[in-house]
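Structure file protein-v6.pdb; described as PDB, C-alpha atoms.
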```pdb
ATOM      1  CA  MET V1146       3.808   1.884  15.450  1.00  0.00           C
ATOM      2  CA  LYS V1147       1.605   4.643  14.128  1.00  0.00           C
ATOM      3  CA  SER V1148       4.630   6.243  12.494  1.00  0.00           C
ATOM      4  CA  SER V1149       5.257   3.144  10.351  1.00  0.00           C
ATOM      5  CA  ARG V1150       1.600   3.169   9.308  1.00  0.00           C
ATOM      6  CA  ALA V1151       1.915   6.786   8.247  1.00  0.00           C
ATOM      7  CA  VAL V1152       5.108   6.054   6.328  1.00  0.00           C
ATOM      8  CA  ILE V1153       3.486   3.145   4.478  1.00  0.00           C
ATOM      9  CA  ALA V1154       0.430   5.249   3.627  1.00  0.00           C
ATOM     10  CA  LEU V1155       2.633   8.113   2.435  1.00  0.00           C
ATOM     11  CA  LEU V1156       4.732   5.736   0.345  1.00  0.00           C
ATOM     12  CA  ALA V1157       1.600   4.313  -1.289  1.00  0.00           C
ATOM     13  CA  PHE V1158       0.339   7.811  -2.082  1.00  0.00           C
ATOM     14  CA  ILE V1159       3.675   8.915  -3.552  1.00  0.00           C
ATOM     15  CA  MET V1160       3.809   5.811  -5.750  1.00  0.00           C
ATOM     16  CA  LEU V1161       0.300   6.468  -7.010  1.00  0.00           C
ATOM     17  CA  VAL V1162       1.120  10.090  -7.843  1.00  0.00           C
ATOM     18  CA  ALA V1163       4.325   9.013  -9.621  1.00  0.00           C
ATOM     19  CA  ALA V1164       2.356   6.462 -11.660  1.00  0.00           C
ATOM     20  CA  LEU V1165      -0.184   9.075 -12.690  1.00  0.00           C
ATOM     21  CA  ALA V1166       2.670  11.427 -13.629  1.00  0.00           C
ATOM     22  CA  LEU V1167       4.220   8.733 -15.848  1.00  0.00           C
ATOM     23  CA  ILE V1168       0.884   8.079 -17.548  1.00  0.00           C
ATOM     24  CA  ALA V1169       0.414  11.801 -18.128  1.00  0.00           C
ATOM     25  CA  LEU V1170       3.992  12.055 -19.431  1.00  0.00           C
ATOM     26  CA  TYR V1171       3.598   9.523 -22.189  1.00  0.00           C
ATOM     27  CA  LEU V1172       0.129  10.805 -23.100  1.00  0.00           C
ATOM     28  CA  ILE V1173       1.167  14.458 -23.265  1.00  0.00           C
ATOM     29  CA  LEU V1174       4.459  13.834 -25.065  1.00  0.00           C
ATOM     30  CA  ASP V1175       2.846  11.247 -27.374  1.00  0.00           C
ATOM     31  CA  LEU V1176       5.700   8.801 -26.910  1.00  0.00           C
ATOM     32  CA  ASP V1177       6.118   5.782 -29.167  1.00  0.00           C
ATOM     33  CA  GLY V1178       7.982   2.530 -29.042  1.00  0.00           C
ATOM     34  CA  PHE V1179      10.342   1.728 -26.225  1.00  0.00           C
ATOM     35  CA  LEU V1180       9.761   4.891 -24.185  1.00  0.00           C
ATOM     36  CA  LYS V1181       5.988   4.434 -24.244  1.00  0.00           C
ATOM     37  CA  GLY V1182       6.334   0.821 -23.124  1.00  0.00           C
ATOM     38  CA  MET V1183       8.798   1.771 -20.416  1.00  0.00           C
ATOM     39  CA  CYS V1184       6.461   4.472 -19.054  1.00  0.00           C
ATOM     40  CA  GLN V1185       3.462   2.143 -19.187  1.00  0.00           C
ATOM     41  CA  GLY V1186       5.327  -0.685 -17.458  1.00  0.00           C
ATOM     42  CA  ALA V1187       6.695   1.561 -14.740  1.00  0.00           C
ATOM     43  CA  ALA V1188       3.276   3.160 -14.186  1.00  0.00           C
ATOM     44  CA  PHE V1189       1.604  -0.249 -13.938  1.00  0.00           C
ATOM     45  CA  MET V1190       4.254  -1.469 -11.488  1.00  0.00           C
ATOM     46  CA  LEU V1191       3.863   1.640  -9.326  1.00  0.00           C
ATOM     47  CA  ILE V1192       0.074   1.302  -9.277  1.00  0.00           C
ATOM     48  CA  VAL V1193       0.298  -2.355  -8.235  1.00  0.00           C
ATOM     49  CA  LEU V1194       2.825  -1.556  -5.490  1.00  0.00           C
ATOM     50  CA  SER V1195       0.713   1.366  -4.318  1.00  0.00           C
ATOM     51  CA  VAL V1196      -2.355  -0.840  -3.987  1.00  0.00           C
ATOM     52  CA  TYR V1197      -0.288  -3.506  -2.207  1.00  0.00           C
ATOM     53  CA  PHE V1198       1.079  -1.036   0.350  1.00  0.00           C
ATOM     54  CA  GLY V1199      -2.367   0.517   0.821  1.00  0.00           C
ATOM     55  CA  VAL V1200      -3.960  -2.854   1.497  1.00  0.00           C
ATOM     56  CA  LEU V1201      -1.054  -3.798   3.759  1.00  0.00           C
ATOM     57  CA  CYS V1202      -1.572  -0.652   5.798  1.00  0.00           C
ATOM     58  CA  VAL V1203      -5.332  -1.154   6.154  1.00  0.00           C
ATOM     59  CA  ARG V1204      -5.165  -4.905   6.699  1.00  0.00           C
ATOM     60  CA  ARG V1205      -2.444  -4.778   9.332  1.00  0.00           C
ATOM     61  CA  HIS V1206      -3.927  -1.968  11.404  1.00  0.00           C
ATOM     62  CA  GLY V1207      -7.534  -1.703  10.284  1.00  0.00           C
ATOM     63  CA  LEU V1208      -9.164   1.532   9.289  1.00  0.00           C
ATOM     64  CA  THR V1209      -9.107   2.741  12.884  1.00  0.00           C
ATOM     65  CA  SER V1210      -6.499   1.314  15.207  1.00  0.00           C
ATOM     66  CA  THR V1211      -7.981   1.805  18.661  1.00  0.00           C
ATOM     67  CA  GLN V1212      -6.421  -1.258  20.254  1.00  0.00           C
ATOM     68  CA  THR V1213      -2.859  -1.081  21.448  1.00  0.00           C
ATOM     69  CA  ASP V1214      -2.159  -4.814  21.406  1.00  0.00           C
ATOM     70  CA  ASP V1215      -2.957  -7.620  19.005  1.00  0.00           C
ATOM     71  CA  TRP V1216      -5.513 -10.295  19.655  1.00  0.00           C
ATOM     72  CA  LEU V1217      -3.994 -13.358  21.263  1.00  0.00           C
ATOM     73  CA  PRO V1218      -5.967 -16.599  21.153  1.00  0.00           C
ATOM     74  CA  SER V1219      -4.059 -17.969  24.158  1.00  0.00           C
ATOM     75  CA  ARG V1220      -5.494 -15.255  26.411  1.00  0.00           C
ATOM     76  CA  ASP V1221      -9.030 -16.025  25.261  1.00  0.00           C
ATOM     77  CA  ARG V1222      -8.548 -19.729  25.907  1.00  0.00           C
ATOM     78  CA  THR V1223      -7.299 -19.188  29.476  1.00  0.00           C
ATOM     79  CA  ASP V1224     -10.187 -16.825  30.317  1.00  0.00           C
ATOM     80  CA  GLN V1225     -12.796 -19.454  29.393  1.00  0.00           C
ATOM     81  CA  GLN V1226     -11.361 -22.205  31.580  1.00  0.00           C
TER      82      GLN V1226
END
```
Starting from the file, lay out its structure as structure tokens.
Amino acid sequence: MKSSRAVIALLAFIMLVAALALIALYLILDLDGFLKGMCQGAAFMLIVLSVYFGVLCVRRHGLTSTQTDDWLPSRDRTDQQ
């Protein structure tokens, strides 16, 4: 499942870059009104989704995924008995 982790991390990075590009677009072009609001809203949404996918990637697999299987409490309970 390392490929899915890489895809999620890449997706989060692309969303963050797209958000920064939208922010730069409305700042450089000095947009007003509807277009400025649309760029700000889309940039905010992309930043939030990027953070969500980044946290999902780290939380699901940890910073370093050295274990191949998940922790199962049933195995721990049978080893103690």
Residue nearest Val1196 in chain V - candidates V:Ile1159, V:Ile1168, V:Leu1176, V:Val1152, atoms counted: all atoms listed in the file: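 Looking only at the distances to Val1196 in chain V, the closest residue turns out to be V:Ile1159.
If you measure from each of V:Ile1173, V:Cys1184, V:Ala1157, V:Ala1151 to Phe1198 in chain V using only C-alpha atoms, the closest one turns out to be V:Ala1157.
The coordinates place CA of Cys1202 in chain V at 28.3 Å from CA of Met1183 in chain V.
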Atom pair CA of Leu1167 in chain V / CA of Leu1155 in chain V: separation (Å):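 Separation of CA of Leu1167 in chain V and CA of Leu1155 in chain V: 18.4 Å.
Between CA of Ala1164 in chain V and CA of Val1200 in chain V there is a distance of 17.3 Å.
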Non-local contacts of Leu1161 in chain V (8 Å; only C-alpha atoms; under 3 positions in same chain excluded) as JSON, numbers by chain: {"V": [1157, 1158, 1164, 1165, 1191, 1192, 1195]}
For Ala1187 in chain V, the nearest of the candidates V:Val1203, V:Ser1149, V:Leu1170, V:Asp1175, counting all atoms listed in the file: V:Leu1170
10 Å contact set for Ala1166 in chain V, all atoms listed in the file, chain neighbours under 6 positions out, as JSON, numbers by chain: {"V": [1160, 1172, 1184, 1188]}
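When all atoms listed in the file are used to measure the gap to Ala1169 in chain V, the shortest distance among V:Gln1185, V:Ile1153, V:Leu1194, V:Gly1199 belongs to V:Gln1185.
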